[in-house]
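Encoded as structure tokens, the structure appears first; notes follow it.
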Amino acid sequence: MNVPLSVIFAAIAADAFLILACSALVVATRASRLKAERRTAARLGPLRPLLLEVAAEDDPEGESLRRLQGLGDEDWAALAPVAIGLVGKVRGGAKEALASLIDAHGSTGWAFRALFSRRASERARAAEMIGSLGHVELAPRLLPLLKDRRTDVRIVAARALGQLRSPAAASGLIEAAVGRHPVPRGIAAHALLRIGVPACPALTAALSSADWNLRSLAADVLGRIGALSSAGELGKLAGSDPVLAVRVSAVGALGRLGLPGWTGELVQAAGRQHEPQLREVAVEALGSVGTPEAAKALGLLMADPDLRLGARAAARLARLGPLGRAVLEQATAARKASSSEATRAATQARAALALAAIGRVAR
Amino acid sequence: MTAVLVVDDDPDIRDLVAFKLGQAGYEVETAADGASALAAVAASRPDVAVLDVTMPGMSGIDVCRTLRSDPATASVLVVMLTARAQEGDVEEGFGAGADDYVVKPFSPRELVSRVDALLARARR
């Protein structure tokens, strides 16, 4: 089919016009953005030193703070992102001074209203601001956002609750780790860790949850917090929970607590009848406890047919100091005619001692 | 004058720490990443380096290890300033040779006290 030349030229001209128009739009948008950035930078220039004085607590008379509190809307719009960014990264007097500046410009009121915004970005910004400002009284307002339909909003809300360190948020954070719209487990765990000891009652209660995910999460976090009073509950889970992941978390937690009284449970968990994953965590935990009984158990584990586990036991002994070294050296004394188990232990011990001699302890 | 190098990829934190240390009487230089930090140390040999841990490219831990591995820079005092607060993170920081470890959110005033104390101990 022959297409008339005039049609081809018209199509080329239309394409060229479209390309030119798009290019002009891109250039105009960039130029406009650049102009806005320059305007913001120009406004920010003289204000930034005042903000640094406030944030550095080098404003004894409060003069800089007063000047910044009296800024007009346009100047504040330029300074607000810097002030809000800084307030979450400092504490003490610096945080109080920045928070009073942000409050003076009504940003807290905005954040409170924006928690209910239809726009996810505003809900997230509001939650972040409340967390950064340390408005612990607003923690209950953040809890519904843990079930927000948007993952990013749920994550920001969980982080903000961690920043606020509100014990009242602990149960909500634990529950939020499961369900149709969950908060990622690591984010929930980190927030609970930031709350720390005040979160322990809620975490201990979660050890008897019907949901194994929650039992496992609670055991992990209690171990990291160092909640010694939960050792009894953790010991029960380590020995008898029907779900492997929960037993692994409980054994890991007992290791982090480092209580010598639970060495027997850890030795039991390292037994050959158990899954490799549980045994590995038990070996680490025995190394953390570091009692003579734990060292003796690690010495026996060096002879395990699972060579990776044996190597791990030897490495943990090498990190135990004189006590572990003595066990390793004793194992190297095995003679050629010894049993295969003693030979395996001797090989693992020699490897660990050799690594230790060149300053490299396997982890 | 005692010189401090402040290394952080966050310009707000970098400026705040530099401002506070400058007000406390230190001569302050800044860098935005690990490679620039090593260049600054080689050029001006600061007494103290305040290092952020999480930076693009070389981390503060990498910078600290590099400083410690070179006899010419091994004596630079290192303070880690980081949001990484887990037990393992702190262990890694000290394992790399850091002299002190400050966790964000931090108090600028306390940071100056720690730098003061570190220098006082080193001069004993």
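Identifiers in this document derive from the order of the structure tokens: chains are assigned A, B, ..., residues are numbered from 1 separately in each chain, and ligands are numbered from 1 in order of occurrence.
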
Just need the residues of chain A within 10 Å of chain B, counting only C-alpha atoms, so spit them out as a compact mmCIF listing (two decimals) with all heavy atoms, in the first residue's frame.
# COMPACT_ATOMS: atom_id res chain seq x y z
N ARG A 48 19.90 28.47 59.26
CA ARG A 48 20.58 27.23 59.67
C ARG A 48 21.50 27.41 60.88
O ARG A 48 21.45 26.61 61.81
CB ARG A 48 21.35 26.68 58.46
CG ARG A 48 21.67 25.23 58.55
CD ARG A 48 22.26 24.74 57.23
NE ARG A 48 22.90 23.47 57.43
CZ ARG A 48 22.26 22.32 57.38
NH1 ARG A 48 20.96 22.28 57.13
NH2 ARG A 48 22.89 21.19 57.59
N PRO A 49 22.35 28.47 60.91
CA PRO A 49 23.21 28.65 62.10
C PRO A 49 22.39 28.81 63.39
O PRO A 49 22.78 28.32 64.45
CB PRO A 49 23.99 29.93 61.79
CG PRO A 49 23.95 30.06 60.31
CD PRO A 49 22.65 29.47 59.88
N LEU A 51 19.47 27.47 63.94
CA LEU A 51 18.94 26.14 64.28
C LEU A 51 20.03 25.28 64.93
O LEU A 51 19.76 24.57 65.90
CB LEU A 51 18.40 25.45 63.02
CG LEU A 51 17.73 24.11 63.28
CD1 LEU A 51 16.38 24.31 63.96
CD2 LEU A 51 17.53 23.32 62.01
N LEU A 52 21.25 25.39 64.40
CA LEU A 52 22.35 24.61 64.98
C LEU A 52 22.62 25.05 66.42
O LEU A 52 22.90 24.23 67.28
CB LEU A 52 23.62 24.74 64.12
CG LEU A 52 23.57 24.06 62.75
CD1 LEU A 52 24.86 24.27 61.99
CD2 LEU A 52 23.30 22.56 62.89
N GLU A 53 22.53 26.35 66.67
CA GLU A 53 22.72 26.84 68.05
C GLU A 53 21.67 26.22 68.98
O GLU A 53 21.98 25.80 70.08
CB GLU A 53 22.58 28.36 68.10
CG GLU A 53 23.87 29.08 67.75
CD GLU A 53 23.72 30.60 67.82
OE1 GLU A 53 22.82 31.09 68.53
OE2 GLU A 53 24.50 31.28 67.13
N VAL A 54 20.44 26.17 68.49
CA VAL A 54 19.36 25.60 69.31
C VAL A 54 19.61 24.11 69.54
O VAL A 54 19.56 23.61 70.67
CB VAL A 54 17.99 25.81 68.62
CG1 VAL A 54 16.89 25.04 69.33
CG2 VAL A 54 17.65 27.29 68.58
N ALA A 55 19.94 23.39 68.46
CA ALA A 55 20.12 21.93 68.56
C ALA A 55 21.37 21.57 69.35
O ALA A 55 21.44 20.49 69.95
CB ALA A 55 20.21 21.32 67.16
N ALA A 56 22.36 22.47 69.34
CA ALA A 56 23.61 22.17 70.07
C ALA A 56 23.55 22.66 71.51
O ALA A 56 24.54 22.57 72.24
CB ALA A 56 24.78 22.83 69.34
N GLU A 57 22.41 23.19 71.93
CA GLU A 57 22.25 23.76 73.27
C GLU A 57 23.26 24.87 73.52
O GLU A 57 23.80 25.00 74.62
CB GLU A 57 22.38 22.67 74.34
CG GLU A 57 21.29 21.61 74.28
CD GLU A 57 21.48 20.55 75.33
OE1 GLU A 57 21.12 20.81 76.48
OE2 GLU A 57 22.01 19.48 74.99
N ASP A 58 23.54 25.63 72.49
CA ASP A 58 24.44 26.77 72.62
C ASP A 58 23.66 28.07 72.46
O ASP A 58 24.07 28.97 71.76
CB ASP A 58 25.55 26.68 71.55
CG ASP A 58 26.77 25.97 72.09
OD1 ASP A 58 27.15 26.23 73.25
OD2 ASP A 58 27.32 25.12 71.38
N VAL A 82 14.52 20.34 58.05
CA VAL A 82 15.79 20.16 58.77
C VAL A 82 15.52 19.97 60.27
O VAL A 82 16.08 19.07 60.90
CB VAL A 82 16.73 21.38 58.55
CG1 VAL A 82 18.08 21.13 59.21
CG2 VAL A 82 16.91 21.66 57.07
N ALA A 83 14.66 20.81 60.82
CA ALA A 83 14.35 20.73 62.25
C ALA A 83 13.71 19.39 62.59
O ALA A 83 14.09 18.73 63.58
CB ALA A 83 13.42 21.87 62.65
N GLY A 85 13.91 16.63 60.85
CA GLY A 85 14.91 15.57 60.64
C GLY A 85 15.84 15.44 61.83
O GLY A 85 16.17 14.34 62.26
N LEU A 86 16.24 16.59 62.39
CA LEU A 86 17.20 16.56 63.50
C LEU A 86 16.59 16.09 64.82
O LEU A 86 17.25 15.40 65.60
CB LEU A 86 17.78 17.97 63.72
CG LEU A 86 19.05 18.34 62.96
CD1 LEU A 86 19.44 19.77 63.27
CD2 LEU A 86 20.21 17.40 63.33
N VAL A 87 15.32 16.43 65.04
CA VAL A 87 14.74 16.17 66.37
C VAL A 87 14.71 14.67 66.71
O VAL A 87 14.82 14.30 67.89
CB VAL A 87 13.33 16.81 66.49
CG1 VAL A 87 12.27 16.02 65.73
CG2 VAL A 87 12.92 16.94 67.95
N GLY A 88 14.64 13.82 65.68
CA GLY A 88 14.63 12.38 65.96
C GLY A 88 16.02 11.80 66.15
O GLY A 88 16.15 10.64 66.53
N LYS A 89 17.04 12.61 65.92
CA LYS A 89 18.41 12.08 65.99
C LYS A 89 19.17 12.55 67.23
O LYS A 89 20.31 12.18 67.43
CB LYS A 89 19.18 12.50 64.73
CG LYS A 89 18.62 11.89 63.45
CD LYS A 89 19.20 12.53 62.22
CE LYS A 89 18.43 12.10 60.99
NZ LYS A 89 18.66 12.99 59.85
N VAL A 90 18.53 13.44 68.00
CA VAL A 90 19.19 13.92 69.22
C VAL A 90 18.31 13.63 70.42
O VAL A 90 17.14 13.27 70.28
CB VAL A 90 19.48 15.44 69.13
CG1 VAL A 90 20.51 15.73 68.06
CG2 VAL A 90 18.20 16.23 68.88
N ARG A 91 18.89 13.79 71.62
CA ARG A 91 18.10 13.60 72.83
C ARG A 91 18.50 14.66 73.85
O ARG A 91 19.37 15.48 73.59
CB ARG A 91 18.24 12.18 73.38
CG ARG A 91 19.64 11.78 73.74
CD ARG A 91 19.69 10.36 74.30
NE ARG A 91 21.06 9.93 74.51
CZ ARG A 91 21.80 10.27 75.54
NH1 ARG A 91 21.30 11.06 76.48
NH2 ARG A 91 23.04 9.83 75.64
N GLY A 92 17.88 14.58 75.00
CA GLY A 92 18.22 15.52 76.07
C GLY A 92 17.72 16.93 75.76
O GLY A 92 16.69 17.12 75.09
N GLY A 93 18.49 17.91 76.20
CA GLY A 93 18.10 19.31 76.03
C GLY A 93 17.95 19.69 74.57
O GLY A 93 17.10 20.53 74.22
N ALA A 94 18.78 19.09 73.70
CA ALA A 94 18.72 19.41 72.28
C ALA A 94 17.35 19.03 71.72
O ALA A 94 16.73 19.79 70.97
CB ALA A 94 19.82 18.66 71.54
N LYS A 95 16.87 17.86 72.11
CA LYS A 95 15.56 17.39 71.62
C LYS A 95 14.43 18.29 72.14
O LYS A 95 13.53 18.67 71.39
CB LYS A 95 15.34 15.95 72.07
CG LYS A 95 14.10 15.32 71.46
CD LYS A 95 13.89 13.94 72.01
CE LYS A 95 12.84 13.22 71.20
NZ LYS A 95 13.35 12.62 69.98
N SER A 132 9.41 11.11 66.49
CA SER A 132 10.63 11.92 66.62
C SER A 132 10.49 12.96 67.72
O SER A 132 11.44 13.25 68.45
CB SER A 132 10.92 12.64 65.31
OG SER A 132 11.23 11.72 64.30
N GLN A 163 10.31 4.44 69.22
CA GLN A 163 10.97 5.68 69.63
C GLN A 163 10.32 6.25 70.88
O GLN A 163 10.98 6.81 71.74
CB GLN A 163 10.84 6.73 68.52
CG GLN A 163 11.98 6.71 67.51
CD GLN A 163 11.79 7.81 66.49
OE1 GLN A 163 10.79 7.85 65.78
NE2 GLN A 163 12.74 8.71 66.41
N HIS A 190 12.38 -4.89 66.89
CA HIS A 190 13.26 -3.76 67.18
C HIS A 190 12.53 -2.71 68.02
O HIS A 190 13.09 -2.14 68.96
CB HIS A 190 13.78 -3.15 65.88
CG HIS A 190 14.89 -2.17 66.09
ND1 HIS A 190 14.72 -0.83 65.92
CD2 HIS A 190 16.16 -2.34 66.52
CE1 HIS A 190 15.85 -0.21 66.22
NE2 HIS A 190 16.74 -1.10 66.58
N LEU A 193 12.29 -3.96 71.49
CA LEU A 193 13.60 -3.84 72.14
C LEU A 193 13.84 -2.42 72.64
O LEU A 193 14.42 -2.22 73.71
CB LEU A 193 14.69 -4.18 71.13
CG LEU A 193 15.28 -5.57 71.17
CD1 LEU A 193 16.30 -5.72 70.05
CD2 LEU A 193 15.95 -5.82 72.51
N ARG A 194 13.39 -1.44 71.85
CA ARG A 194 13.59 -0.05 72.25
C ARG A 194 12.76 0.28 73.49
O ARG A 194 13.17 1.06 74.33
CB ARG A 194 13.25 0.91 71.12
CG ARG A 194 14.24 0.82 69.98
CD ARG A 194 14.10 1.95 69.02
NE ARG A 194 14.68 3.18 69.54
CZ ARG A 194 14.79 4.31 68.85
NH1 ARG A 194 14.37 4.36 67.62
NH2 ARG A 194 15.33 5.39 69.38
N ARG A 224 16.97 -10.81 74.12
CA ARG A 224 17.77 -9.64 73.76
C ARG A 224 17.65 -8.54 74.81
O ARG A 224 18.61 -7.80 75.04
CB ARG A 224 17.35 -9.11 72.39
CG ARG A 224 17.82 -10.01 71.26
CD ARG A 224 17.32 -9.58 69.91
NE ARG A 224 17.49 -10.64 68.95
CZ ARG A 224 18.63 -10.90 68.31
NH1 ARG A 224 19.68 -10.15 68.54
NH2 ARG A 224 18.72 -11.90 67.46

>> So that I can check the surroundings of A:Gly226, please list as a VMD selection string every protein, DNA and RNA residue that reaches within 12 Å of it, counting only C-alpha atoms and ignoring chain neighbours fewer than 5 positions away.
In response: (chain A and resid 193 196 to 197 199 to 200 219 to 221 231 234 252 to 259) or (chain B and resid 87)

Can you pull out every residue from chain B that DSSP, working from the backbone, puts in alpha helix (DSSP H), and format the result as a PyMOL selection string? chain B and resi 11-23+34-44+60-69+87-95+108-123

### Task
Using only C-alpha atoms, determine which residues lie at most 8 Å from stretch 143-145 of chain A, disregarding the query and same-chain residues fewer than 3 positions distant; provide the list as a VMD selection string.
chain A and resid 139 to 140 148 153 to 154 157 169 172

Expected file contents, prior selection, N, CA and C atoms, as a short mmCIF file (atom, residue, chain, number, x, y, z; two decimals), in the first residue's frame:
data_model
loop_
_atom_site.label_atom_id
_atom_site.label_comp_id
_atom_site.auth_asym_id
_atom_site.auth_seq_id
_atom_site.Cartn_x
_atom_site.Cartn_y
_atom_site.Cartn_z
N ALA A 139 0.89 8.01 71.85
CA ALA A 139 1.15 6.61 71.44
C ALA A 139 -0.16 5.86 71.14
N PRO A 140 -1.21 5.99 71.97
CA PRO A 140 -2.44 5.25 71.66
C PRO A 140 -3.02 5.61 70.29
N ASP A 148 -2.70 -0.58 59.52
CA ASP A 148 -2.97 0.18 58.29
C ASP A 148 -2.88 -0.73 57.08
N VAL A 153 3.20 2.44 56.00
CA VAL A 153 2.62 3.16 57.13
C VAL A 153 2.75 2.32 58.40
N ARG A 154 2.48 1.01 58.29
CA ARG A 154 2.59 0.13 59.47
C ARG A 154 4.02 0.14 60.01
N ALA A 157 4.78 3.46 61.74
CA ALA A 157 4.08 3.53 63.02
C ALA A 157 4.79 2.68 64.08
N ALA A 169 2.25 0.37 74.42
CA ALA A 169 2.23 -0.04 73.01
C ALA A 169 2.75 -1.47 72.82
N GLY A 172 0.27 -4.16 71.58
CA GLY A 172 -0.12 -3.85 70.21
C GLY A 172 0.97 -4.22 69.22
#

Worksheet entry | Minimum-distance residue to B:Leu38, chosen among B:Tyr26, B:Val63, B:Met1, B:Val50 (using only C-alpha atoms) |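 Nearest candidate to B:Leu38 out of B:Tyr26, B:Val63, B:Met1, B:Val50: B:Val63.
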
Quick one: residues within 8 Å of A:Val183, only C-alpha atoms counted, chain neighbours fewer than 4 positions away excluded, as a list in words? Leu146, Lys147, Thr151, Arg154, Ile155, Ala158, Ala176, Ala177, Val178, Ile187 and Ala188 of chain A

Contacts of B:Ala3 at 9 Å (only C-alpha atoms; same-chain gap of 6+ positions) as a list of chain:residue names: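 Those residues are B:Tyr26, B:Glu27, B:Val28, B:Glu29, B:Ser44, B:Arg45, B:Pro46, B:Asp47, B:Val48, B:Ala49.
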
Selected residues, N, CA, C and O atoms, written as a short mmCIF file (atom, residue, chain, number, x, y, z; two decimals), in the first residue's frame, please.
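Written output follows (selection01.cif):
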data_model
loop_
_atom_site.label_atom_id
_atom_site.label_comp_id
_atom_site.auth_asym_id
_atom_site.auth_seq_id
_atom_site.Cartn_x
_atom_site.Cartn_y
_atom_site.Cartn_z
N TYR B 26 37.38 23.01 69.66
CA TYR B 26 38.16 22.11 68.80
C TYR B 26 38.25 22.67 67.39
O TYR B 26 37.36 23.40 66.94
N GLU B 27 39.34 22.29 66.72
CA GLU B 27 39.48 22.62 65.31
C GLU B 27 38.82 21.49 64.54
O GLU B 27 39.25 20.34 64.65
N VAL B 28 37.78 21.80 63.80
CA VAL B 28 36.96 20.73 63.22
C VAL B 28 37.04 20.70 61.70
O VAL B 28 36.98 21.74 61.04
N GLU B 29 37.19 19.48 61.18
CA GLU B 29 37.16 19.26 59.74
C GLU B 29 36.05 18.24 59.51
O GLU B 29 35.79 17.40 60.38
N SER B 44 45.74 15.72 57.25
CA SER B 44 45.82 16.62 58.40
C SER B 44 46.00 15.94 59.75
O SER B 44 46.09 16.62 60.77
N ARG B 45 46.04 14.61 59.79
CA ARG B 45 46.27 13.87 61.04
C ARG B 45 45.51 14.43 62.25
O ARG B 45 46.11 15.02 63.15
N PRO B 46 44.21 14.28 62.27
CA PRO B 46 43.45 14.77 63.43
C PRO B 46 43.76 13.95 64.69
O PRO B 46 44.27 12.84 64.59
N ASP B 47 43.45 14.52 65.84
CA ASP B 47 43.65 13.77 67.09
C ASP B 47 42.50 12.80 67.31
O ASP B 47 42.68 11.73 67.87
N VAL B 48 41.30 13.20 66.87
CA VAL B 48 40.11 12.38 67.08
C VAL B 48 39.30 12.31 65.78
O VAL B 48 39.22 13.31 65.05
N ALA B 49 38.71 11.14 65.51
CA ALA B 49 37.76 11.02 64.39
C ALA B 49 36.43 10.56 64.95
O ALA B 49 36.38 9.57 65.68
#

Residues within 7 Å of stretch 30-43 of chain A, please, as a tab-separated table (two decimals) with N, CA, C and O atoms, in the first residue's frame. Count only C-alpha atoms; anything in the same chain fewer than 4 positions from it doesn't count.
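Contents of the output file selection.tsv:
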chain	number	residue	atom	x	y	z
A	26	VAL	N	9.91	19.08	30.34
A	26	VAL	CA	10.92	18.56	31.28
A	26	VAL	C	11.86	19.67	31.71
A	26	VAL	O	12.14	19.86	32.91
A	75	ASP	N	9.43	31.01	55.65
A	75	ASP	CA	10.74	30.67	56.25
A	75	ASP	C	10.65	29.34	56.99
A	75	ASP	O	11.54	28.51	56.90
A	78	ALA	N	10.80	26.34	54.82
A	78	ALA	CA	12.16	26.00	54.38
A	78	ALA	C	12.92	25.28	55.50
A	78	ALA	O	13.70	24.35	55.24

Do a neighbour search on B:Ala74 at 10 Å with only C-alpha atoms, toss out local chain neighbours closer than 5 positions, and write the hits as a PyMOL selection string. chain B and resi 64-69+97

Computed gap from atom CA of A:Val327 to atom CA of A:Ala349 is 8.5 Å

What is the distance, in Å and to one decimal place, between atom CA of A:Val246 and atom CA of A:Leu222?
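If I compute the distance from atom CA of A:Val246 to atom CA of A:Leu222, I get 12.7 Å.
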